[in-house]
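The file work10.txt contains compact mmCIF, C-alpha atoms:
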```txt
# COMPACT_ATOMS: atom_id res chain seq x y z
CA MET A 27 -29.03 -2.08 160.26
CA GLU A 28 -28.76 -2.40 164.06
CA LYS A 29 -25.06 -3.26 163.93
CA THR A 30 -24.40 -0.33 161.59
CA SER A 31 -26.24 2.05 163.90
CA ILE A 32 -24.10 0.88 166.82
CA LYS A 33 -21.03 1.50 164.67
CA ILE A 34 -22.17 5.11 164.10
CA VAL A 35 -22.73 5.59 167.84
CA LYS A 36 -19.23 4.27 168.53
CA THR A 37 -17.74 6.61 165.89
CA LEU A 38 -19.35 9.62 167.58
CA ARG A 39 -18.32 8.41 171.05
CA LYS A 40 -14.74 7.84 169.93
CA ALA A 41 -14.65 11.47 168.76
CA GLY A 42 -15.67 12.57 172.25
CA TYR A 43 -19.43 13.07 171.79
CA ASP A 44 -22.54 11.58 173.36
CA ALA A 45 -24.77 9.53 171.07
CA PHE A 46 -27.95 7.51 171.62
CA TRP A 47 -30.74 5.84 169.73
CA ALA A 48 -33.90 7.92 169.86
CA GLY A 49 -37.66 7.83 169.33
CA GLY A 50 -39.49 5.07 167.55
CA CYS A 51 -36.74 2.45 167.63
CA VAL A 52 -36.54 2.69 171.44
CA ARG A 53 -40.33 2.44 171.70
CA ASP A 54 -40.34 -0.60 169.43
CA ILE A 55 -37.61 -2.32 171.42
CA LEU A 56 -39.63 -1.91 174.63
CA LEU A 57 -42.69 -3.26 172.81
CA MET A 58 -40.66 -6.28 171.63
CA ARG A 59 -41.03 -5.17 168.01
CA GLU A 60 -38.37 -5.10 165.31
CA PRO A 61 -37.42 -1.44 164.70
CA LYS A 62 -37.86 -0.27 161.11
CA ASP A 63 -35.10 2.32 161.44
CA TYR A 64 -32.63 3.67 163.97
CA ASP A 65 -32.57 7.42 164.56
CA ILE A 66 -29.58 8.76 166.44
CA VAL A 67 -29.23 11.85 168.65
CA THR A 68 -25.95 13.42 169.69
CA ASN A 69 -24.37 16.58 171.05
CA ALA A 70 -22.12 16.71 167.97
CA LYS A 71 -22.99 19.66 165.74
CA PRO A 72 -24.06 19.04 162.11
CA ASP A 73 -20.67 20.09 160.68
CA VAL A 74 -18.93 17.62 162.96
CA ILE A 75 -21.29 14.81 161.93
CA GLU A 76 -20.54 15.54 158.29
CA ASP A 77 -16.80 15.45 158.99
CA LEU A 78 -16.95 12.17 160.92
CA LEU A 79 -19.11 10.22 158.48
CA GLU A 80 -18.25 9.68 154.84
CA HIS A 81 -21.63 9.85 153.07
CA THR A 82 -24.06 12.43 154.46
CA ILE A 83 -26.95 14.57 153.15
CA PRO A 84 -27.96 17.81 154.93
CA ILE A 85 -31.71 17.08 154.83
CA GLY A 86 -32.46 19.47 157.70
CA LYS A 87 -29.14 20.94 158.66
CA GLU A 88 -30.70 24.21 159.80
CA PHE A 89 -32.61 22.15 162.38
CA GLY A 90 -29.59 20.03 163.25
CA VAL A 91 -30.60 16.98 161.19
CA ILE A 92 -28.17 15.11 158.93
CA LEU A 93 -28.93 11.96 156.93
CA ALA A 94 -26.07 9.45 156.95
CA ILE A 95 -25.84 6.58 154.49
CA VAL A 96 -23.71 3.77 155.87
CA ASN A 97 -23.53 0.20 154.50
CA GLY A 98 -26.53 0.99 152.30
CA HIS A 99 -28.72 1.98 155.27
CA HIS A 100 -30.14 5.43 155.99
CA PHE A 101 -29.86 7.00 159.45
CA GLU A 102 -31.17 10.36 160.62
CA ILE A 103 -28.67 11.89 163.04
CA ALA A 104 -29.89 14.91 164.97
CA THR A 105 -28.11 17.27 167.32
CA PHE A 106 -29.78 17.71 170.73
CA ARG A 107 -31.88 20.85 170.46
CA SER A 108 -34.68 22.93 171.92
CA ASP A 109 -37.17 24.76 169.70
CA SER A 110 -38.62 28.24 169.91
CA GLY A 111 -41.84 29.24 168.16
CA TYR A 112 -43.77 27.39 165.45
CA SER A 113 -45.46 30.21 163.55
CA ASP A 114 -46.30 27.98 160.55
CA GLY A 115 -47.72 25.14 162.65
CA ARG A 116 -45.07 22.75 161.40
CA ARG A 117 -41.43 23.85 161.74
CA PRO A 118 -39.66 25.66 164.58
CA ASP A 119 -38.84 29.30 163.89
CA ALA A 120 -35.45 28.78 165.49
CA VAL A 121 -33.52 26.01 167.21
CA THR A 122 -30.93 26.10 169.96
CA PHE A 123 -28.56 23.18 170.34
CA SER A 124 -28.95 21.85 173.86
CA HIS A 125 -28.78 18.62 175.87
CA PRO A 126 -30.71 15.31 176.06
CA GLU A 127 -33.42 16.34 178.54
CA GLU A 128 -34.41 19.48 176.62
CA ASP A 129 -34.38 17.53 173.37
CA ALA A 130 -36.69 14.87 174.81
CA LYS A 131 -39.15 17.45 176.13
CA ARG A 132 -39.59 19.19 172.75
CA ARG A 133 -40.79 15.93 171.11
CA ASP A 134 -44.41 14.93 170.49
CA PHE A 135 -45.44 11.90 172.57
CA THR A 136 -43.90 10.37 175.67
CA ILE A 137 -43.53 7.03 173.90
CA ASN A 138 -41.36 8.76 171.28
CA GLY A 139 -39.29 10.76 173.77
CA LEU A 140 -37.04 7.94 174.99
CA PHE A 141 -33.30 7.56 174.35
CA TYR A 142 -31.28 4.35 174.50
CA ASP A 143 -27.57 3.78 174.97
CA PRO A 144 -26.83 0.69 172.84
CA ILE A 145 -23.33 0.40 174.34
CA LYS A 146 -24.31 0.41 178.03
CA LYS A 147 -27.80 -0.92 177.22
CA GLN A 148 -29.46 1.81 179.29
CA ILE A 149 -32.63 3.82 178.67
CA LEU A 150 -32.78 7.57 179.27
CA ASP A 151 -36.34 8.55 180.14
CA PHE A 152 -37.05 12.22 180.93
CA VAL A 153 -40.78 12.11 180.07
CA ASP A 154 -42.20 8.97 181.76
CA GLY A 155 -42.32 7.24 178.41
CA LYS A 156 -41.66 3.79 179.89
CA ARG A 157 -44.68 4.14 182.17
CA ASP A 158 -46.94 5.10 179.25
CA ILE A 159 -45.67 2.17 177.17
CA LYS A 160 -46.46 -0.12 180.10
CA ASP A 161 -49.94 1.42 180.44
CA ARG A 162 -50.33 1.50 176.62
CA LEU A 163 -51.19 5.20 176.54
CA ILE A 164 -50.74 7.88 173.88
CA ARG A 165 -49.84 11.03 175.83
CA PHE A 166 -48.43 14.33 174.63
CA ILE A 167 -45.24 15.52 176.30
CA GLY A 168 -45.96 18.52 178.50
CA ASP A 169 -48.92 20.70 177.57
CA PRO A 170 -50.90 18.86 174.85
CA HIS A 171 -52.30 22.11 173.46
CA GLU A 172 -48.81 23.55 172.98
CA ARG A 173 -47.62 20.36 171.27
CA ILE A 174 -50.52 20.50 168.78
CA LEU A 175 -50.05 24.20 168.08
CA GLU A 176 -46.38 23.53 167.32
CA ASP A 177 -47.19 20.93 164.66
CA HIS A 178 -50.79 20.35 163.60
CA LEU A 179 -49.93 16.95 162.11
CA ARG A 180 -49.61 15.64 165.66
CA ILE A 181 -53.41 15.44 165.78
CA VAL A 182 -53.44 12.76 163.08
CA ARG A 183 -50.20 11.18 164.31
CA ALA A 184 -51.83 10.59 167.71
CA ILE A 185 -54.67 8.73 165.99
CA ARG A 186 -52.22 6.78 163.85
CA PHE A 187 -50.10 5.68 166.82
CA LYS A 188 -53.18 4.67 168.80
CA THR A 189 -54.31 2.57 165.83
CA THR A 190 -51.02 0.94 164.88
CA LEU A 191 -49.89 0.28 168.45
CA ASP A 192 -53.36 -0.68 169.74
CA PHE A 193 -53.01 1.84 172.60
CA GLN A 194 -55.51 4.16 174.30
CA TYR A 195 -55.45 7.95 174.65
CA HIS A 196 -54.51 9.70 177.86
CA PRO A 197 -57.64 11.75 178.75
CA GLU A 198 -55.81 15.07 178.27
CA THR A 199 -54.55 13.93 174.87
CA TYR A 200 -58.06 12.96 173.77
CA ARG A 201 -59.55 16.28 174.90
CA ALA A 202 -56.81 18.24 173.12
CA ILE A 203 -57.35 16.36 169.84
CA LYS A 204 -61.09 17.08 169.95
CA LYS A 205 -60.56 20.73 170.85
CA HIS A 206 -58.07 21.39 168.03
CA ALA A 207 -59.52 19.03 165.39
CA ALA A 208 -59.99 21.90 162.91
CA LEU A 209 -56.23 22.52 162.78
CA ALA A 210 -55.78 19.21 160.96
CA ALA A 211 -57.18 20.94 157.87
CA LYS A 212 -54.03 23.08 157.73
CA VAL A 213 -51.69 20.10 157.34
CA SER A 214 -50.18 19.58 153.88
CA SER A 215 -51.73 16.92 151.66
CA GLU A 216 -48.51 14.91 151.43
CA ARG A 217 -48.11 14.68 155.21
CA LEU A 218 -51.73 13.63 155.65
CA ARG A 219 -51.39 11.02 152.90
CA ASP A 220 -48.38 9.46 154.61
CA GLU A 221 -50.26 9.15 157.91
CA PHE A 222 -53.37 7.78 156.18
CA ASP A 223 -51.27 5.16 154.40
CA LYS A 224 -49.73 4.01 157.68
CA ILE A 225 -53.23 3.63 159.12
CA MET A 226 -54.33 1.74 156.00
CA LEU A 227 -51.39 -0.66 156.26
CA ASP A 228 -52.28 -1.54 159.84
CA ASP A 229 -54.07 -4.77 160.70
CA ASN A 230 -57.16 -2.78 161.71
CA PRO A 231 -57.38 0.44 159.66
CA VAL A 232 -61.06 0.84 160.52
CA GLU A 233 -60.14 1.82 164.07
CA GLY A 234 -58.14 4.77 162.77
CA TRP A 235 -60.95 6.08 160.55
CA GLU A 236 -63.53 5.59 163.30
CA ASP A 237 -61.27 7.50 165.69
CA MET A 238 -61.04 10.36 163.21
CA GLU A 239 -64.83 10.43 163.03
CA ASP A 240 -65.19 10.25 166.82
CA THR A 241 -62.72 13.08 167.50
CA GLY A 242 -64.16 15.35 164.82
CA VAL A 243 -60.96 15.23 162.75
CA LEU A 244 -62.50 13.37 159.79
CA GLY A 245 -64.65 16.30 158.69
CA TYR A 246 -61.51 18.41 158.25
CA VAL A 247 -59.23 15.88 156.57
CA MET A 248 -61.69 13.73 154.56
CA PRO A 249 -65.13 15.40 154.59
CA GLU A 250 -66.36 13.16 151.76
CA LEU A 251 -66.15 10.14 154.05
CA LEU A 252 -67.98 11.86 156.87
CA GLU A 253 -70.88 12.41 154.47
CA LEU A 254 -71.46 8.63 154.46
CA LYS A 255 -72.72 8.82 158.05
CA GLY A 256 -76.49 8.59 158.24
CA VAL A 257 -77.04 7.84 154.55
CA ALA A 258 -79.72 5.14 154.50
CA GLN A 259 -79.49 1.95 152.43
CA PRO A 260 -82.30 -0.20 150.97
CA VAL A 261 -83.47 -2.49 153.77
CA GLU A 262 -84.14 -5.25 151.25
CA PHE A 263 -80.40 -5.74 150.70
CA HIS A 264 -78.55 -4.02 153.56
CA HIS A 265 -79.11 -4.94 157.19
CA GLU A 266 -75.69 -3.75 158.34
CA GLY A 267 -76.63 -0.10 158.72
CA ASP A 268 -75.93 3.09 156.79
CA VAL A 269 -73.35 3.63 154.06
CA TRP A 270 -70.65 4.41 156.63
CA ASP A 271 -71.33 1.10 158.39
CA HIS A 272 -71.23 -0.74 155.06
CA THR A 273 -67.94 0.91 154.08
CA MET A 274 -66.25 0.18 157.41
CA GLN A 275 -67.48 -3.41 157.35
CA ALA A 276 -66.13 -3.80 153.82
CA LEU A 277 -62.76 -2.29 154.77
CA ARG A 278 -62.57 -4.50 157.85
CA SER A 279 -62.92 -7.57 155.63
CA VAL A 280 -59.95 -6.76 153.39
CA PRO A 281 -57.00 -9.11 154.05
CA LYS A 282 -54.12 -7.69 156.08
CA THR A 283 -51.81 -8.44 153.16
CA ALA A 284 -53.86 -6.38 150.68
CA THR A 285 -52.14 -3.55 148.83
CA LEU A 286 -52.75 0.13 149.50
CA GLU A 287 -54.50 0.33 146.13
CA GLU A 288 -56.96 -2.35 147.23
CA LYS A 289 -57.63 -0.76 150.61
CA TRP A 290 -58.18 2.73 149.23
CA ALA A 291 -60.43 1.36 146.48
CA VAL A 292 -62.59 -0.44 149.04
CA MET A 293 -62.83 2.58 151.30
CA LEU A 294 -63.86 4.95 148.50
CA HIS A 295 -66.00 2.57 146.42
CA ASP A 296 -69.30 4.11 147.58
CA VAL A 297 -68.14 7.64 148.34
CA ALA A 298 -70.73 9.15 145.96
CA LYS A 299 -73.77 7.47 147.49
CA PRO A 300 -74.75 10.61 149.46
CA GLN A 301 -74.82 12.62 146.20
CA THR A 302 -76.74 9.97 144.24
CA PHE A 303 -79.29 8.98 146.91
CA ALA A 304 -82.85 8.83 145.55
CA GLN A 305 -86.16 7.23 146.54
CA LYS A 306 -87.80 5.43 143.62
CA GLU A 307 -89.32 1.94 143.77
CA ARG A 308 -86.73 1.62 146.56
CA ILE A 309 -83.71 3.55 147.75
CA ARG A 310 -81.31 3.83 144.83
CA TYR A 311 -77.93 5.40 144.01
CA ASP A 312 -78.02 5.40 140.23
CA GLY A 313 -74.63 6.06 138.63
CA HIS A 314 -72.79 5.99 141.94
CA PRO A 315 -69.87 3.77 140.75
CA GLU A 316 -68.91 6.25 138.03
CA ARG A 317 -69.48 9.25 140.27
CA SER A 318 -67.55 7.56 143.10
CA ALA A 319 -64.61 7.05 140.75
CA GLU A 320 -64.67 10.76 139.87
CA MET A 321 -64.77 11.77 143.53
CA ALA A 322 -62.06 9.25 144.43
CA GLU A 323 -59.82 10.69 141.72
CA ALA A 324 -60.30 14.19 143.16
CA ILE A 325 -59.57 12.98 146.70
CA LEU A 326 -56.46 11.03 145.71
CA ARG A 327 -55.18 13.90 143.56
CA ARG A 328 -55.68 16.22 146.52
CA LEU A 329 -53.57 13.84 148.61
CA LYS A 330 -50.88 13.82 145.87
CA PHE A 331 -50.99 10.11 145.08
CA PRO A 332 -49.14 9.04 141.89
CA LYS A 333 -51.14 8.93 138.67
CA TYR A 334 -50.75 5.17 138.19
CA PHE A 335 -52.07 4.59 141.74
CA ILE A 336 -55.11 6.80 141.13
CA LYS A 337 -55.77 5.10 137.79
CA ARG A 338 -55.91 1.61 139.31
CA VAL A 339 -58.00 2.62 142.31
CA CYS A 340 -60.52 4.51 140.18
CA PHE A 341 -60.76 1.66 137.65
CA ALA A 342 -61.83 -0.69 140.44
CA ILE A 343 -64.32 1.79 141.86
CA GLU A 344 -65.87 2.66 138.50
CA HIS A 345 -66.48 -0.99 137.63
CA HIS A 346 -67.44 -2.45 141.01
CA PHE A 347 -71.02 -2.97 139.79
CA ASN A 348 -69.93 -4.83 136.63
CA MET A 349 -69.51 -8.35 138.00
CA LYS A 350 -72.52 -9.78 136.14
CA GLN A 351 -71.51 -8.11 132.88
CA ILE A 352 -67.97 -9.52 133.07
CA ILE A 353 -69.30 -13.03 133.72
CA GLU A 354 -71.60 -12.78 130.70
CA MET A 355 -68.93 -11.46 128.30
CA ASN A 356 -67.54 -13.70 125.60
CA ALA A 357 -64.30 -15.39 126.62
CA GLY A 358 -62.08 -13.14 124.49
CA THR A 359 -63.47 -9.89 125.83
CA ARG A 360 -63.40 -11.23 129.38
CA MET A 361 -59.73 -12.18 128.95
CA LYS A 362 -58.94 -8.55 128.09
CA TRP A 363 -60.50 -7.54 131.41
CA PHE A 364 -58.55 -10.23 133.26
CA LYS A 365 -55.30 -8.89 131.80
CA LYS A 366 -55.88 -5.35 133.02
CA PRO A 367 -53.26 -4.49 135.69
CA ALA A 368 -55.98 -3.22 138.04
CA PHE A 369 -58.23 -6.29 137.74
CA PRO A 370 -56.94 -7.84 141.01
CA VAL A 371 -57.91 -4.57 142.74
CA LEU A 372 -61.38 -4.85 141.23
CA MET A 373 -61.71 -8.43 142.49
CA THR A 374 -60.85 -7.26 146.01
CA VAL A 375 -63.52 -4.57 145.83
CA PHE A 376 -66.07 -7.08 144.50
CA LYS A 377 -65.49 -9.38 147.47
CA ALA A 378 -65.27 -6.64 150.11
CA ASP A 379 -68.48 -5.05 148.82
CA ILE A 380 -70.26 -8.38 149.34
CA THR A 381 -68.70 -9.00 152.76
CA GLY A 382 -69.66 -5.49 153.83
CA THR A 383 -73.29 -6.32 153.04
CA ASP A 384 -75.63 -8.22 155.37
CA PRO A 385 -76.79 -10.69 154.15
CA SER A 386 -73.82 -11.60 151.95
CA ASP A 387 -74.28 -13.52 148.69
CA TYR A 388 -71.01 -14.76 147.17
CA SER A 389 -72.53 -16.90 144.37
CA MET A 390 -71.72 -14.45 141.57
CA TYR A 391 -68.27 -13.69 142.97
CA ASP A 392 -67.45 -17.40 143.24
CA GLN A 393 -68.44 -17.84 139.60
CA LEU A 394 -66.22 -14.99 138.46
CA GLU A 395 -63.32 -16.12 140.65
CA ALA A 396 -63.50 -19.60 139.09
CA LEU A 397 -63.35 -18.07 135.60
CA TYR A 398 -60.42 -15.86 136.62
CA LYS A 399 -58.43 -18.73 138.13
CA LYS A 400 -59.04 -20.85 135.04
CA ALA A 401 -57.79 -18.02 132.83
CA GLU A 402 -54.71 -17.25 134.93
CA LYS A 403 -52.67 -19.88 133.10
CA LYS A 404 -53.34 -18.05 129.84
CA ILE A 405 -52.75 -14.58 131.22
CA ALA A 406 -49.35 -13.30 130.13
CA LYS A 407 -46.66 -13.66 132.73
CA GLU A 408 -44.98 -10.57 134.14
CA PRO A 409 -43.01 -9.09 131.22
CA LYS A 410 -39.27 -8.79 131.45
CA LYS A 411 -38.14 -5.28 132.38
CA LEU A 412 -36.86 -3.67 129.19
CA ILE A 413 -35.19 -0.64 130.77
CA ASP A 414 -34.43 0.31 134.36
CA GLY A 415 -35.02 3.51 136.29
CA ASP A 416 -31.41 4.69 135.99
CA GLU A 417 -31.60 4.57 132.19
CA VAL A 418 -34.90 6.45 132.18
CA MET A 419 -33.44 9.18 134.42
CA LYS A 420 -30.49 9.58 132.05
CA LEU A 421 -32.70 9.71 128.95
CA LEU A 422 -35.04 12.33 130.43
CA ASN A 423 -32.53 14.07 132.71
CA ILE A 424 -34.78 13.68 135.75
CA LYS A 425 -34.15 12.75 139.38
CA PRO A 426 -35.72 9.96 141.47
CA GLY A 427 -39.27 10.78 142.55
CA PRO A 428 -42.97 10.35 141.80
CA LYS A 429 -42.54 11.31 138.13
CA LEU A 430 -40.07 8.48 137.57
CA GLY A 431 -42.47 6.06 139.27
CA GLU A 432 -45.32 7.17 137.01
CA ILE A 433 -43.21 6.68 133.89
CA MET A 434 -42.04 3.21 134.97
CA GLU A 435 -45.61 2.19 135.78
CA GLU A 436 -46.96 3.43 132.45
CA LEU A 437 -44.17 1.60 130.62
CA HIS A 438 -45.10 -1.55 132.51
CA GLU A 439 -48.75 -1.20 131.50
CA LYS A 440 -47.79 -0.65 127.85
CA GLN A 441 -45.74 -3.86 128.00
CA LEU A 442 -48.69 -5.76 129.45
CA GLY A 443 -50.92 -4.37 126.71
CA GLY A 444 -48.45 -5.37 123.98
CA GLU A 445 -47.85 -1.76 122.86
CA ILE A 446 -44.15 -1.98 123.75
CA THR A 447 -42.34 -5.28 123.13
CA ASN A 448 -38.63 -4.51 123.03
CA LYS A 449 -36.03 -2.07 124.33
CA ARG A 450 -35.88 -0.08 121.10
CA THR A 451 -39.59 0.78 121.21
CA ALA A 452 -39.32 1.44 124.96
CA ILE A 453 -36.58 4.03 124.39
CA LYS A 454 -38.54 5.57 121.52
CA TRP A 455 -41.60 5.99 123.76
CA ILE A 456 -39.53 7.44 126.62
CA ASN A 457 -37.89 9.94 124.29
CA SER A 458 -41.35 10.98 123.09
CA LEU A 459 -42.06 12.22 126.62
CA LYS A 460 -39.38 14.90 126.48
CA GLU A 461 -41.57 17.45 124.73
CA SER A 462 -44.40 17.18 127.26
CA MET A 463 -41.94 17.56 130.15
CA LYS A 464 -40.51 20.88 128.99
```
Please express the file's structure as structure tokens.
Amino acid sequence: MEKTSIKIVKTLRKAGYDAFWAGGCVRDILLMREPKDYDIVTNAKPDVIEDLLEHTIPIGKEFGVILAIVNGHHFEIATFRSDSGYSDGRRPDAVTFSHPEEDAKRRDFTINGLFYDPIKKQILDFVDGKRDIKDRLIRFIGDPHERILEDHLRIVRAIRFKTTLDFQYHPETYRAIKKHAALAAKVSSERLRDEFDKIMLDDNPVEGWEDMEDTGVLGYVMPELLELKGVAQPVEFHHEGDVWDHTMQALRSVPKTATLEEKWAVMLHDVAKPQTFAQKERIRYDGHPERSAEMAEAILRRLKFPKYFIKRVCFAIEHHFNMKQIIEMNAGTRMKWFKKPAFPVLMTVFKADITGTDPSDYSMYDQLEALYKKAEKKIAKEPKKLIDGDEVMKLLNIKPGPKLGEIMEELHEKQLGGEITNKRTAIKWINSLKESMK
């Protein structure tokens, strides 16, 4: 990807235009990290970019942004610009094509406002970004209040960058986030979900959620989680603190390599404890697994997660109190549980729930894990894919997107369950979906 990005820069230079790498890739290079992508900025106008490069998509042409696909890699190429007005708190009302310094100063954080010349190997820094990378600071460019009012997502992005980069806030950045925390509620669900997922995929997602609680943002973007604060637990079994402390301790224990499904299931496994709290012979939360699954489904739907994702997460949450019952099942019934696609997610929640509890007792988990490992040899191997995404799109006349993913996931589950065993029955089932999609 790096070599291809340099090729694009050279193509633009050969045509007489300036071109640099921009934003995150420059930051990552200075942090000695491997860039995930290479964004390019240039003084070439969008029409020129489209003429110079063979395969382009005008993803934001009105804002000067063109997506180029070269050698199978995707590159966002943006024309230097300055912005005027953000009446919707997300997009500029108008853009004016400009020069590198103005383009850098309209960006969000100093660490994202750097440009790099990959030919001369020189950095262009108009915003003191190098200094903030050295000091490991998250700092808004210019007036932090103006930057937040331009795009409310920057509140959560600041928290995400602090978490994933292990930086600190500049004092003015921190004060601005706290002052404008309520604006985070205006951000679209999809944009919030993407930021949350990036926090979840970090080595220490707990830091991000604790930062949201500390800054006051959490109550506006995930009020159900904030409700866990101060909810007492039975002292006979929980010495770690309240339900929030238990949840964060559980999430902290999840392996770095865990899937997003596993991490979300752990974080939301006790989300209904505030609603089910009762004092009987001791503090109890009767029915909280089922109620937590219902609340988790509502939260994940609100964040526009795919149906298959929600199904697996909620399965694990609903059954996270069923460890003893599964152990005591007859072998045949237990095998059906082991074969469920979401069972590995449930096992992760089982273990994290124990680790998040002080004192921790793994005896029952160890017993179930031994049964599961013994049964793994008998569990059906991953079924061969009967039909690919391209064929499904042709059959249903749909485009790539979440709907296709849901269909492919449901087909996979039907294969695992033995409902679909060959391509003919797969096509028949797919064709049966046409009526419901009208």
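Across the model, the gap from CA of Ala342 in chain A to CA of Ala258 in chain A is 23.5 Å.
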Rounded to one decimal, what separation in Å do you get between CA of Tyr43 in chain A and CA of Glu60 in chain A?
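Between these atoms lies a distance of 27.0 Å.
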Two-atom distance - CA of Thr30 in chain A, CA of Ala70 in chain A (Å):
18.3 Å
All residues 10 Å or closer to range 352-363 of chain A, only C-alpha atoms, same chain fewer than 3 positions away omitted, as a PyMOL selection string
chain A and resi 345+347-349+366-369+390-391+393-395+397-398+401-402+404-405+443
Find the spatial neighbours of range 131-142 of chain A, counting all atoms listed in the file, within a cut-off of 8 Å - ignore same-chain residues fewer than 2 positions away - and output them as an MDAnalysis selection string.
chainID A and resid 46:50 52:53 108:109 127:129 144 147:156 158:159 164:168 173 180
List the neighbours of range 434-438 of chain A out to 10 Å using all atoms listed in the file; skip same-chain residues closer than 6 positions along the sequence, and give me the result as a list of chain:residue names.
A:Pro332, A:Lys333, A:Tyr334, A:Phe335, A:Pro367, A:Glu408, A:Pro409, A:Lys410, A:Lys411, A:Leu412, A:Ile413, A:Asp414, A:Gly415, A:Val418, A:Pro428, A:Gly444, A:Glu445, A:Ile446, A:Ala452, A:Trp455, A:Ile456
Keeping only C-alpha atoms, write the selected residues as a short mmCIF file (atom, residue, chain, number, x, y, z; two decimals), in the coordinates of the input.
```
data_model
loop_
_atom_site.label_atom_id
_atom_site.label_comp_id
_atom_site.auth_asym_id
_atom_site.auth_seq_id
_atom_site.Cartn_x
_atom_site.Cartn_y
_atom_site.Cartn_z
CA PRO A 332 -49.14 9.04 141.89
CA LYS A 333 -51.14 8.93 138.67
CA TYR A 334 -50.75 5.17 138.19
CA PHE A 335 -52.07 4.59 141.74
CA PRO A 367 -53.26 -4.49 135.69
CA GLU A 408 -44.98 -10.57 134.14
CA PRO A 409 -43.01 -9.09 131.22
CA LYS A 410 -39.27 -8.79 131.45
CA LYS A 411 -38.14 -5.28 132.38
CA LEU A 412 -36.86 -3.67 129.19
CA ILE A 413 -35.19 -0.64 130.77
CA ASP A 414 -34.43 0.31 134.36
CA GLY A 415 -35.02 3.51 136.29
CA VAL A 418 -34.90 6.45 132.18
CA PRO A 428 -42.97 10.35 141.80
CA GLY A 444 -48.45 -5.37 123.98
CA GLU A 445 -47.85 -1.76 122.86
CA ILE A 446 -44.15 -1.98 123.75
CA ALA A 452 -39.32 1.44 124.96
CA TRP A 455 -41.60 5.99 123.76
CA ILE A 456 -39.53 7.44 126.62
#
```
Restricting the calculation to only C-alpha atoms: of A:His272, A:Arg308, A:Lys188, A:His100, which residue gets closest to Leu254 in chain A?
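Comparing A:His272, A:Arg308, A:Lys188, A:His100 against Leu254 in chain A, the winner is A:His272.
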List the neighbours of Lys62 in chain A out to 10 Å using only C-alpha atoms; skip same-chain residues closer than 6 positions along the sequence, and give me the result as a list in words.
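Once the nearby chain positions are removed, what remains is Met27, Glu28, Gly50, Cys51 and Asp54 of chain A.
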For Lys255 in chain A, the nearest of the candidates A:Asp44, A:Asp384, A:Asp296, A:Glu288, counting only C-alpha atoms
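Residue with the minimum atom-to-atom distance to Lys255 in chain A: A:Asp296.
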How would you write as a list of chain:residue names the residues that get within 6 Å of (-68.5, -8.4, 158.5) in the file's frame, counting only C-alpha atoms?
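Those residues lying close to the given coordinates are A:Gln275, A:Thr381, A:Gly382.
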Near Pro315 in chain A, counting all atoms listed in the file, which residues have an atom at most 12 Å away, once you skip same-chain residues fewer than 3 positions from it, shown as a VMD selection string?
chain A and resid 291 to 292 294 to 299 301 to 302 311 to 312 318 to 322 340 to 348 375
Using only C-alpha atoms, which of A:Arg310, A:Ala324, A:Lys87, A:Ile336 sits nearest Glu432 in chain A?
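With only C-alpha atoms as the atom set, the closest residue is A:Ile336.
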Nearest to Phe263 in chain A among A:Pro249, A:Pro385, A:Gly242, A:Pro170, with distances taken over all atoms listed in the file: which residue is it?
A:Pro385
Which is closer to Lys29 in chain A than all the others in A:Lys400, A:Lys282, A:His81, A:His99, using all atoms listed in the file?
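Nearest to Lys29 in chain A: A:His99.
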From the list A:Ser462, A:His264, A:Leu326, A:Leu93, which residue is nearest Glu216 in chain A when using all atoms listed in the file?
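Nearest to Glu216 in chain A: A:Leu326.
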